[in-house]
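Participant: For reference, this is input38.cif, and it has mmCIF, N, CA and C atoms.
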data_protein
#
loop_
_atom_site.label_atom_id
_atom_site.label_comp_id
_atom_site.auth_asym_id
_atom_site.auth_seq_id
_atom_site.Cartn_x
_atom_site.Cartn_y
_atom_site.Cartn_z
N MET A 143 0.85 -1.18 0.00
CA MET A 143 0.00 0.00 0.00
C MET A 143 0.89 1.25 0.00
N ASN A 144 0.53 2.21 -0.78
CA ASN A 144 1.30 3.44 -0.90
C ASN A 144 1.04 4.34 0.31
N GLN A 145 2.10 4.84 0.93
CA GLN A 145 1.95 5.63 2.15
C GLN A 145 1.95 7.14 1.87
N LYS A 146 1.36 7.55 0.78
CA LYS A 146 1.27 8.96 0.44
C LYS A 146 0.21 9.65 1.30
N ARG A 147 0.32 10.96 1.36
CA ARG A 147 -0.67 11.79 2.04
C ARG A 147 -1.47 12.49 0.94
N ILE A 148 -2.73 12.12 0.85
CA ILE A 148 -3.61 12.66 -0.19
C ILE A 148 -4.59 13.62 0.47
N THR A 149 -4.78 14.79 -0.14
CA THR A 149 -5.77 15.73 0.39
C THR A 149 -7.00 15.74 -0.52
N LEU A 150 -8.15 15.89 0.11
CA LEU A 150 -9.42 15.99 -0.60
C LEU A 150 -10.20 17.18 -0.05
N THR A 151 -10.87 17.86 -0.95
CA THR A 151 -11.81 18.91 -0.53
C THR A 151 -13.17 18.25 -0.43
N ILE A 152 -13.83 18.46 0.69
CA ILE A 152 -15.15 17.88 0.88
C ILE A 152 -16.14 18.97 1.25
N GLN A 153 -17.39 18.71 0.96
CA GLN A 153 -18.47 19.60 1.36
C GLN A 153 -19.49 18.74 2.08
N ILE A 154 -19.86 19.13 3.28
CA ILE A 154 -20.79 18.32 4.05
C ILE A 154 -22.14 19.00 4.20
N GLN A 155 -23.13 18.15 4.35
CA GLN A 155 -24.49 18.60 4.68
C GLN A 155 -24.80 17.97 6.03
N PRO A 156 -24.64 18.73 7.12
CA PRO A 156 -24.90 18.17 8.45
C PRO A 156 -26.39 17.98 8.71
N ARG A 157 -26.68 17.26 9.77
CA ARG A 157 -28.06 16.99 10.22
C ARG A 157 -28.88 16.21 9.20
N ALA A 158 -28.24 15.36 8.43
CA ALA A 158 -28.95 14.51 7.48
C ALA A 158 -29.60 13.34 8.24
N LYS A 159 -30.52 12.65 7.60
CA LYS A 159 -31.14 11.48 8.23
C LYS A 159 -30.08 10.42 8.54
N ARG A 160 -29.16 10.24 7.60
CA ARG A 160 -28.08 9.28 7.80
C ARG A 160 -26.86 9.77 7.02
N SER A 161 -25.70 9.33 7.43
CA SER A 161 -24.47 9.70 6.73
C SER A 161 -24.37 8.89 5.45
N GLU A 162 -24.05 9.58 4.36
CA GLU A 162 -23.91 8.90 3.08
C GLU A 162 -23.04 9.70 2.12
N VAL A 163 -22.49 8.98 1.15
CA VAL A 163 -21.67 9.59 0.11
C VAL A 163 -22.58 10.01 -1.03
N LEU A 164 -22.48 11.28 -1.44
CA LEU A 164 -23.24 11.76 -2.59
C LEU A 164 -22.43 11.67 -3.87
N GLY A 165 -21.10 11.73 -3.75
CA GLY A 165 -20.22 11.63 -4.91
C GLY A 165 -19.42 12.90 -5.11
N PHE A 166 -18.71 12.94 -6.22
CA PHE A 166 -17.86 14.08 -6.55
C PHE A 166 -18.57 15.01 -7.51
N THR A 167 -18.45 16.30 -7.25
CA THR A 167 -18.94 17.35 -8.15
C THR A 167 -17.83 18.38 -8.29
N ASP A 168 -17.34 18.55 -9.49
CA ASP A 168 -16.25 19.50 -9.76
C ASP A 168 -15.06 19.26 -8.83
N GLY A 169 -14.74 17.98 -8.58
CA GLY A 169 -13.59 17.63 -7.77
C GLY A 169 -13.80 17.72 -6.27
N ILE A 170 -15.01 18.06 -5.85
CA ILE A 170 -15.32 18.17 -4.42
C ILE A 170 -16.18 16.98 -4.01
N LEU A 171 -15.76 16.27 -2.97
CA LEU A 171 -16.53 15.14 -2.46
C LEU A 171 -17.66 15.68 -1.60
N LYS A 172 -18.88 15.30 -1.94
CA LYS A 172 -20.04 15.75 -1.18
C LYS A 172 -20.56 14.62 -0.32
N LEU A 173 -20.78 14.94 0.96
CA LEU A 173 -21.23 13.97 1.95
C LEU A 173 -22.43 14.50 2.71
N LYS A 174 -23.35 13.62 3.04
CA LYS A 174 -24.38 13.93 4.03
C LYS A 174 -23.89 13.34 5.33
N ILE A 175 -23.99 14.11 6.40
CA ILE A 175 -23.51 13.68 7.71
C ILE A 175 -24.66 13.79 8.70
N ALA A 176 -24.89 12.71 9.45
CA ALA A 176 -26.02 12.66 10.38
C ALA A 176 -25.85 13.58 11.59
N ALA A 177 -24.64 13.86 11.98
CA ALA A 177 -24.39 14.65 13.19
C ALA A 177 -24.64 16.14 12.96
N PRO A 178 -25.01 16.86 14.02
CA PRO A 178 -25.18 18.31 13.89
C PRO A 178 -23.82 19.02 13.96
N PRO A 179 -23.75 20.22 13.40
CA PRO A 179 -22.48 20.96 13.42
C PRO A 179 -22.28 21.71 14.73
N ILE A 180 -22.36 20.98 15.83
CA ILE A 180 -22.25 21.58 17.16
C ILE A 180 -21.12 20.90 17.91
N GLU A 181 -20.25 21.71 18.50
CA GLU A 181 -19.16 21.22 19.34
C GLU A 181 -18.31 20.15 18.65
N GLY A 182 -18.10 20.29 17.34
CA GLY A 182 -17.23 19.37 16.61
C GLY A 182 -17.83 18.01 16.31
N LYS A 183 -19.12 17.82 16.59
CA LYS A 183 -19.76 16.52 16.37
C LYS A 183 -19.75 16.14 14.89
N ALA A 184 -20.04 17.09 14.01
CA ALA A 184 -20.05 16.78 12.57
C ALA A 184 -18.64 16.43 12.09
N ASN A 185 -17.64 17.13 12.59
CA ASN A 185 -16.26 16.83 12.19
C ASN A 185 -15.86 15.41 12.62
N LYS A 186 -16.24 15.04 13.82
CA LYS A 186 -15.94 13.68 14.31
C LYS A 186 -16.66 12.64 13.47
N GLU A 187 -17.90 12.93 13.09
CA GLU A 187 -18.66 12.00 12.26
C GLU A 187 -18.06 11.89 10.86
N VAL A 188 -17.57 12.99 10.31
CA VAL A 188 -16.91 12.95 8.99
C VAL A 188 -15.74 11.97 9.05
N ILE A 189 -14.90 12.09 10.06
CA ILE A 189 -13.72 11.23 10.18
C ILE A 189 -14.14 9.78 10.40
N SER A 190 -15.10 9.56 11.27
CA SER A 190 -15.57 8.21 11.54
C SER A 190 -16.21 7.58 10.30
N PHE A 191 -17.04 8.34 9.62
CA PHE A 191 -17.73 7.84 8.42
C PHE A 191 -16.73 7.52 7.30
N LEU A 192 -15.80 8.43 7.05
CA LEU A 192 -14.80 8.18 6.01
C LEU A 192 -13.89 7.01 6.37
N SER A 193 -13.61 6.85 7.66
CA SER A 193 -12.83 5.70 8.11
C SER A 193 -13.53 4.40 7.71
N ASP A 194 -14.84 4.34 7.92
CA ASP A 194 -15.62 3.16 7.54
C ASP A 194 -15.67 2.98 6.02
N VAL A 195 -15.93 4.06 5.30
CA VAL A 195 -16.03 4.00 3.83
C VAL A 195 -14.71 3.55 3.21
N LEU A 196 -13.61 4.11 3.70
CA LEU A 196 -12.30 3.82 3.12
C LEU A 196 -11.63 2.59 3.73
N ASP A 197 -12.22 2.06 4.79
CA ASP A 197 -11.68 0.90 5.49
C ASP A 197 -10.25 1.14 5.97
N ILE A 198 -10.07 2.27 6.64
CA ILE A 198 -8.78 2.63 7.22
C ILE A 198 -9.03 3.15 8.65
N PRO A 199 -8.00 3.14 9.49
CA PRO A 199 -8.17 3.68 10.85
C PRO A 199 -8.47 5.18 10.85
N LYS A 200 -9.23 5.62 11.84
CA LYS A 200 -9.54 7.06 11.97
C LYS A 200 -8.26 7.89 12.07
N SER A 201 -7.23 7.30 12.66
CA SER A 201 -5.97 8.03 12.83
C SER A 201 -5.29 8.34 11.49
N ASN A 202 -5.74 7.72 10.40
CA ASN A 202 -5.18 7.99 9.08
C ASN A 202 -5.89 9.15 8.37
N ILE A 203 -6.86 9.76 9.04
CA ILE A 203 -7.62 10.86 8.45
C ILE A 203 -7.47 12.09 9.34
N ASP A 204 -7.04 13.19 8.73
CA ASP A 204 -6.87 14.46 9.47
C ASP A 204 -7.72 15.54 8.82
N LEU A 205 -8.39 16.32 9.64
CA LEU A 205 -9.10 17.50 9.17
C LEU A 205 -8.12 18.65 9.17
N GLU A 206 -7.73 19.11 7.98
CA GLU A 206 -6.71 20.15 7.89
C GLU A 206 -7.27 21.56 7.92
N HIS A 207 -8.38 21.79 7.21
CA HIS A 207 -8.98 23.12 7.14
C HIS A 207 -10.50 22.99 7.18
N GLY A 208 -11.15 24.03 7.67
CA GLY A 208 -12.60 24.10 7.64
C GLY A 208 -13.30 23.52 8.84
N HIS A 209 -12.68 23.65 10.00
CA HIS A 209 -13.28 23.08 11.21
C HIS A 209 -14.68 23.62 11.50
N THR A 210 -14.96 24.85 11.11
CA THR A 210 -16.27 25.44 11.38
C THR A 210 -17.05 25.74 10.10
N SER A 211 -16.65 25.11 9.00
CA SER A 211 -17.27 25.37 7.70
C SER A 211 -17.85 24.08 7.13
N LYS A 212 -18.79 24.22 6.20
CA LYS A 212 -19.29 23.05 5.47
C LYS A 212 -18.26 22.55 4.46
N ASN A 213 -17.37 23.45 4.06
CA ASN A 213 -16.30 23.09 3.13
C ASN A 213 -15.04 22.80 3.94
N LYS A 214 -14.48 21.62 3.72
CA LYS A 214 -13.35 21.16 4.52
C LYS A 214 -12.26 20.58 3.63
N VAL A 215 -11.05 20.55 4.12
CA VAL A 215 -9.95 19.85 3.46
C VAL A 215 -9.48 18.78 4.43
N ILE A 216 -9.49 17.53 3.95
CA ILE A 216 -9.02 16.43 4.77
C ILE A 216 -7.78 15.82 4.13
N ALA A 217 -6.94 15.23 4.96
CA ALA A 217 -5.76 14.51 4.48
C ALA A 217 -5.94 13.05 4.85
N ILE A 218 -5.62 12.19 3.90
CA ILE A 218 -5.76 10.75 4.10
C ILE A 218 -4.39 10.11 3.91
N ASN A 219 -3.97 9.35 4.90
CA ASN A 219 -2.69 8.64 4.86
C ASN A 219 -2.93 7.16 4.60
N GLY A 220 -2.05 6.55 3.82
CA GLY A 220 -2.07 5.11 3.66
C GLY A 220 -2.75 4.59 2.42
N LEU A 221 -3.39 5.46 1.64
CA LEU A 221 -4.03 5.04 0.39
C LEU A 221 -3.62 5.98 -0.73
N ASP A 222 -3.54 5.45 -1.94
CA ASP A 222 -3.30 6.33 -3.08
C ASP A 222 -4.64 6.88 -3.57
N ARG A 223 -4.58 7.90 -4.39
CA ARG A 223 -5.79 8.60 -4.84
C ARG A 223 -6.75 7.64 -5.56
N GLU A 224 -6.23 6.76 -6.38
CA GLU A 224 -7.07 5.83 -7.13
C GLU A 224 -7.86 4.92 -6.18
N SER A 225 -7.21 4.40 -5.15
CA SER A 225 -7.90 3.55 -4.17
C SER A 225 -8.98 4.32 -3.43
N ILE A 226 -8.67 5.56 -3.08
CA ILE A 226 -9.66 6.41 -2.39
C ILE A 226 -10.89 6.58 -3.26
N TYR A 227 -10.69 6.95 -4.53
CA TYR A 227 -11.82 7.18 -5.44
C TYR A 227 -12.62 5.90 -5.65
N GLU A 228 -11.95 4.77 -5.78
CA GLU A 228 -12.65 3.50 -5.98
C GLU A 228 -13.53 3.17 -4.78
N ARG A 229 -13.01 3.34 -3.59
CA ARG A 229 -13.77 3.02 -2.36
C ARG A 229 -14.93 3.98 -2.16
N ILE A 230 -14.72 5.24 -2.48
CA ILE A 230 -15.79 6.23 -2.36
C ILE A 230 -16.90 5.93 -3.38
N GLU A 231 -16.51 5.60 -4.59
CA GLU A 231 -17.50 5.28 -5.63
C GLU A 231 -18.30 4.03 -5.25
N ALA A 232 -17.63 3.03 -4.69
CA ALA A 232 -18.32 1.81 -4.25
C ALA A 232 -19.35 2.15 -3.15
N ALA A 233 -18.97 3.02 -2.24
CA ALA A 233 -19.88 3.42 -1.15
C ALA A 233 -21.05 4.23 -1.70
N ARG A 234 -20.81 5.04 -2.71
CA ARG A 234 -21.87 5.85 -3.30
C ARG A 234 -22.93 4.97 -3.96
N ARG A 235 -22.51 3.87 -4.54
CA ARG A 235 -23.45 2.98 -5.25
C ARG A 235 -24.29 2.13 -4.30
N LYS A 236 -23.93 2.05 -3.04
CA LYS A 236 -24.69 1.20 -2.09
C LYS A 236 -26.03 1.79 -1.77
#
Represent the structure from my file as structure tokens, please.
Facilitator:
Amino acid sequence: MNQKRITLTIQIQPRAKRSEVLGFTDGILKLKIAAPPIEGKANKEVISFLSDVLDIPKSNIDLEHGHTSKNKVIAINGLDRESIYERIEAARRK
């Protein structure tokens, strides 16, 4: 497995019925997140949800920018970009 650090721009929709992958639009990964954007709950859910989707430990995902915004930049360690896109696409189709 390639140990590169890949960054992704994501846009979240908090307070959704359930967390789910909507897909990529103009290079931005769009996610629905079940948690509210209060006291970092949505940020924690983003990391937890992506950990499950990508099948990697939470410690391999860092929120770099956008702690209080719907638009965020995350860094993912341990996967190459192609693997990330494949896993996200598989989750979107479920």
Participant: Could you give me the residues within stretch 143-199 of chain A that DSSP places in strand (DSSP E), as a PDB file with N, CA and C atoms, in the frame of the given file?
Facilitator:
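Okay, out-v8.pdb is ready:
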ATOM      1  N   ARG A 147       0.320  10.960   1.360  1.00  0.00           N
ATOM      2  CA  ARG A 147      -0.670  11.790   2.040  1.00  0.00           C
ATOM      3  C   ARG A 147      -1.470  12.490   0.940  1.00  0.00           C
ATOM      4  N   ILE A 148      -2.730  12.120   0.850  1.00  0.00           N
ATOM      5  CA  ILE A 148      -3.610  12.660  -0.190  1.00  0.00           C
ATOM      6  C   ILE A 148      -4.590  13.620   0.470  1.00  0.00           C
ATOM      7  N   THR A 149      -4.780  14.790  -0.140  1.00  0.00           N
ATOM      8  CA  THR A 149      -5.770  15.730   0.390  1.00  0.00           C
ATOM      9  C   THR A 149      -7.000  15.740  -0.520  1.00  0.00           C
ATOM     10  N   LEU A 150      -8.150  15.890   0.110  1.00  0.00           N
ATOM     11  CA  LEU A 150      -9.420  15.990  -0.600  1.00  0.00           C
ATOM     12  C   LEU A 150     -10.200  17.180  -0.050  1.00  0.00           C
ATOM     13  N   THR A 151     -10.870  17.860  -0.950  1.00  0.00           N
ATOM     14  CA  THR A 151     -11.810  18.910  -0.530  1.00  0.00           C
ATOM     15  C   THR A 151     -13.170  18.250  -0.430  1.00  0.00           C
ATOM     16  N   ILE A 152     -13.830  18.460   0.690  1.00  0.00           N
ATOM     17  CA  ILE A 152     -15.150  17.880   0.880  1.00  0.00           C
ATOM     18  C   ILE A 152     -16.140  18.970   1.250  1.00  0.00           C
ATOM     19  N   GLN A 153     -17.390  18.710   0.960  1.00  0.00           N
ATOM     20  CA  GLN A 153     -18.470  19.600   1.360  1.00  0.00           C
ATOM     21  C   GLN A 153     -19.490  18.740   2.080  1.00  0.00           C
ATOM     22  N   ILE A 154     -19.860  19.130   3.280  1.00  0.00           N
ATOM     23  CA  ILE A 154     -20.790  18.320   4.050  1.00  0.00           C
ATOM     24  C   ILE A 154     -22.140  19.000   4.200  1.00  0.00           C
ATOM     25  N   GLN A 155     -23.130  18.150   4.350  1.00  0.00           N
ATOM     26  CA  GLN A 155     -24.490  18.600   4.680  1.00  0.00           C
ATOM     27  C   GLN A 155     -24.800  17.970   6.030  1.00  0.00           C
ATOM     28  N   GLU A 162     -24.050   9.580   4.360  1.00  0.00           N
ATOM     29  CA  GLU A 162     -23.910   8.900   3.080  1.00  0.00           C
ATOM     30  C   GLU A 162     -23.040   9.700   2.120  1.00  0.00           C
ATOM     31  N   VAL A 163     -22.490   8.980   1.150  1.00  0.00           N
ATOM     32  CA  VAL A 163     -21.670   9.590   0.110  1.00  0.00           C
ATOM     33  C   VAL A 163     -22.580  10.010  -1.030  1.00  0.00           C
ATOM     34  N   LEU A 164     -22.480  11.280  -1.440  1.00  0.00           N
ATOM     35  CA  LEU A 164     -23.240  11.760  -2.590  1.00  0.00           C
ATOM     36  C   LEU A 164     -22.430  11.670  -3.870  1.00  0.00           C
ATOM     37  N   GLY A 165     -21.100  11.730  -3.750  1.00  0.00           N
ATOM     38  CA  GLY A 165     -20.220  11.630  -4.910  1.00  0.00           C
ATOM     39  C   GLY A 165     -19.420  12.900  -5.110  1.00  0.00           C
ATOM     40  N   PHE A 166     -18.710  12.940  -6.220  1.00  0.00           N
ATOM     41  CA  PHE A 166     -17.860  14.080  -6.550  1.00  0.00           C
ATOM     42  C   PHE A 166     -18.570  15.010  -7.510  1.00  0.00           C
ATOM     43  N   THR A 167     -18.450  16.300  -7.250  1.00  0.00           N
ATOM     44  CA  THR A 167     -18.940  17.350  -8.150  1.00  0.00           C
ATOM     45  C   THR A 167     -17.830  18.380  -8.290  1.00  0.00           C
ATOM     46  N   ILE A 170     -15.010  18.060  -5.850  1.00  0.00           N
ATOM     47  CA  ILE A 170     -15.320  18.170  -4.420  1.00  0.00           C
ATOM     48  C   ILE A 170     -16.180  16.980  -4.010  1.00  0.00           C
ATOM     49  N   LEU A 171     -15.760  16.270  -2.970  1.00  0.00           N
ATOM     50  CA  LEU A 171     -16.530  15.140  -2.460  1.00  0.00           C
ATOM     51  C   LEU A 171     -17.660  15.680  -1.600  1.00  0.00           C
ATOM     52  N   LYS A 172     -18.880  15.300  -1.940  1.00  0.00           N
ATOM     53  CA  LYS A 172     -20.040  15.750  -1.180  1.00  0.00           C
ATOM     54  C   LYS A 172     -20.560  14.620  -0.320  1.00  0.00           C
ATOM     55  N   LEU A 173     -20.780  14.940   0.960  1.00  0.00           N
ATOM     56  CA  LEU A 173     -21.230  13.970   1.950  1.00  0.00           C
ATOM     57  C   LEU A 173     -22.430  14.500   2.710  1.00  0.00           C
ATOM     58  N   LYS A 174     -23.350  13.620   3.040  1.00  0.00           N
ATOM     59  CA  LYS A 174     -24.380  13.930   4.030  1.00  0.00           C
ATOM     60  C   LYS A 174     -23.890  13.340   5.330  1.00  0.00           C
TER      61      LYS A 174
END
Participant: Which residues are near stretch 152-169 of chain A? Cut-off 10 Å, only C-alpha atoms, ignore same chain within fewer than 4 positions. Put them as JSON, numbers by chain.
Facilitator: {"A": [173, 174, 175, 176, 177, 178, 179, 180, 183, 184, 185, 187, 188, 191, 192, 195, 208, 211, 212, 213, 214, 215, 216, 227, 230, 231, 232, 233, 234, 235, 236]}
Participant: Atom CA of A:Leu196 and atom CA of A:Arg147 are how many Å apart?
Facilitator: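 Computing the Euclidean distance for atom CA of A:Leu196 and atom CA of A:Arg147 yields 14.1 Å.
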Participant: Per DSSP on the backbone, filter stretch 161-221 of chain A down to the residues in alpha helix (DSSP H) and report them as a ChimeraX atom specification.
Facilitator: /A:183-196
Participant: Can you write out the residues you just picked, keeping N, CA and C atoms, as a short mmCIF file (atom, residue, chain, number, x, y, z; two decimals), keeping the file's coordinate frame?
Facilitator:
data_model
loop_
_atom_site.label_atom_id
_atom_site.label_comp_id
_atom_site.auth_asym_id
_atom_site.auth_seq_id
_atom_site.Cartn_x
_atom_site.Cartn_y
_atom_site.Cartn_z
N LYS A 183 -19.12 17.82 16.59
CA LYS A 183 -19.76 16.52 16.37
C LYS A 183 -19.75 16.14 14.89
N ALA A 184 -20.04 17.09 14.01
CA ALA A 184 -20.05 16.78 12.57
C ALA A 184 -18.64 16.43 12.09
N ASN A 185 -17.64 17.13 12.59
CA ASN A 185 -16.26 16.83 12.19
C ASN A 185 -15.86 15.41 12.62
N LYS A 186 -16.24 15.04 13.82
CA LYS A 186 -15.94 13.68 14.31
C LYS A 186 -16.66 12.64 13.47
N GLU A 187 -17.90 12.93 13.09
CA GLU A 187 -18.66 12.00 12.26
C GLU A 187 -18.06 11.89 10.86
N VAL A 188 -17.57 12.99 10.31
CA VAL A 188 -16.91 12.95 8.99
C VAL A 188 -15.74 11.97 9.05
N ILE A 189 -14.90 12.09 10.06
CA ILE A 189 -13.72 11.23 10.18
C ILE A 189 -14.14 9.78 10.40
N SER A 190 -15.10 9.56 11.27
CA SER A 190 -15.57 8.21 11.54
C SER A 190 -16.21 7.58 10.30
N PHE A 191 -17.04 8.34 9.62
CA PHE A 191 -17.73 7.84 8.42
C PHE A 191 -16.73 7.52 7.30
N LEU A 192 -15.80 8.43 7.05
CA LEU A 192 -14.80 8.18 6.01
C LEU A 192 -13.89 7.01 6.37
N SER A 193 -13.61 6.85 7.66
CA SER A 193 -12.83 5.70 8.11
C SER A 193 -13.53 4.40 7.71
N ASP A 194 -14.84 4.34 7.92
CA ASP A 194 -15.62 3.16 7.54
C ASP A 194 -15.67 2.98 6.02
N VAL A 195 -15.93 4.06 5.30
CA VAL A 195 -16.03 4.00 3.83
C VAL A 195 -14.71 3.55 3.21
N LEU A 196 -13.61 4.11 3.70
CA LEU A 196 -12.30 3.82 3.12
C LEU A 196 -11.63 2.59 3.73
#
Participant: Please compute the atom C of A:Ile189-atom C of A:Asn219 distance, one decimal, in Å.
Facilitator: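 Rounded to one decimal, the two atoms are 12.9 Å apart.
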Participant: Using Å and a single decimal, report how far atom CA of A:Glu224 sits from atom CA of A:Gly182.
Facilitator: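 These atoms are spaced 29.2 Å apart.
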Participant: Which residues would end up in the selection if the PyMOL selection byres (((chain A and resi 205 and name CA) around 7) and name CA) were applied here, given that I need the answer as a list of chain:residue names?
Facilitator: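 Applied to this file, the PyMOL selection byres (((chain A and resi 205 and name CA) around 7) and name CA) selects A:Ile203, A:Asp204, A:Glu206, A:His207, A:Val215, A:Ile216, A:Ala217.
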Participant: Can you complete the atoms of stretch 159-167 of chain A to all heavy atoms and list them as a CSV table (one decimal), in the coordinates of the input?
Facilitator:
chain,number,residue,atom,x,y,z
A,159,LYS,N,-30.5,12.6,7.6
A,159,LYS,CA,-31.1,11.5,8.2
A,159,LYS,C,-30.1,10.4,8.5
A,159,LYS,O,-30.1,9.8,9.6
A,159,LYS,CB,-32.2,10.9,7.3
A,159,LYS,CG,-33.5,11.6,7.3
A,159,LYS,CD,-34.5,10.8,6.5
A,159,LYS,CE,-35.9,11.4,6.5
A,159,LYS,NZ,-36.8,10.7,5.8
A,160,ARG,N,-29.2,10.2,7.6
A,160,ARG,CA,-28.1,9.3,7.8
A,160,ARG,C,-26.9,9.8,7.0
A,160,ARG,O,-27.0,10.5,6.1
A,160,ARG,CB,-28.5,7.9,7.3
A,160,ARG,CG,-28.8,7.8,5.9
A,160,ARG,CD,-29.3,6.4,5.5
A,160,ARG,NE,-29.6,6.3,4.1
A,160,ARG,CZ,-28.9,5.8,3.1
A,160,ARG,NH1,-27.7,5.2,3.5
A,160,ARG,NH2,-29.3,5.8,1.9
A,161,SER,N,-25.7,9.3,7.4
A,161,SER,CA,-24.5,9.7,6.7
A,161,SER,C,-24.4,8.9,5.4
A,161,SER,O,-24.6,7.7,5.4
A,161,SER,CB,-23.3,9.4,7.6
A,161,SER,OG,-23.3,10.3,8.8
A,162,GLU,N,-24.0,9.6,4.4
A,162,GLU,CA,-23.9,8.9,3.1
A,162,GLU,C,-23.0,9.7,2.1
A,162,GLU,O,-22.9,10.9,2.3
A,162,GLU,CB,-25.3,8.6,2.5
A,162,GLU,CG,-26.1,9.8,2.1
A,162,GLU,CD,-27.4,9.5,1.5
A,162,GLU,OE1,-27.5,8.8,0.4
A,162,GLU,OE2,-28.4,9.9,2.0
A,163,VAL,N,-22.5,9.0,1.2
A,163,VAL,CA,-21.7,9.6,0.1
A,163,VAL,C,-22.6,10.0,-1.0
A,163,VAL,O,-23.4,9.2,-1.5
A,163,VAL,CB,-20.6,8.6,-0.4
A,163,VAL,CG1,-19.9,9.2,-1.6
A,163,VAL,CG2,-19.7,8.2,0.7
A,164,LEU,N,-22.5,11.3,-1.4
A,164,LEU,CA,-23.2,11.8,-2.6
A,164,LEU,C,-22.4,11.7,-3.9
A,164,LEU,O,-23.0,11.6,-5.0
A,164,LEU,CB,-23.7,13.2,-2.4
A,164,LEU,CG,-24.6,13.4,-1.2
A,164,LEU,CD1,-25.0,14.9,-1.0
A,164,LEU,CD2,-25.9,12.6,-1.3
A,165,GLY,N,-21.1,11.7,-3.8
A,165,GLY,CA,-20.2,11.6,-4.9
A,165,GLY,C,-19.4,12.9,-5.1
A,165,GLY,O,-19.4,13.8,-4.3
A,166,PHE,N,-18.7,12.9,-6.2
A,166,PHE,CA,-17.9,14.1,-6.6
A,166,PHE,C,-18.6,15.0,-7.5
A,166,PHE,O,-19.2,14.6,-8.5
A,166,PHE,CB,-16.6,13.6,-7.2
A,166,PHE,CG,-15.6,13.0,-6.2
A,166,PHE,CD1,-15.5,11.6,-6.0
A,166,PHE,CD2,-14.7,13.8,-5.5
A,166,PHE,CE1,-14.6,11.1,-5.2
A,166,PHE,CE2,-13.8,13.3,-4.6
A,166,PHE,CZ,-13.8,11.9,-4.5
A,167,THR,N,-18.4,16.3,-7.2
A,167,THR,CA,-18.9,17.4,-8.2
A,167,THR,C,-17.8,18.4,-8.3
A,167,THR,O,-17.4,19.0,-7.3
A,167,THR,CB,-20.2,18.0,-7.6
A,167,THR,OG1,-21.2,17.0,-7.4
A,167,THR,CG2,-20.7,19.1,-8.5
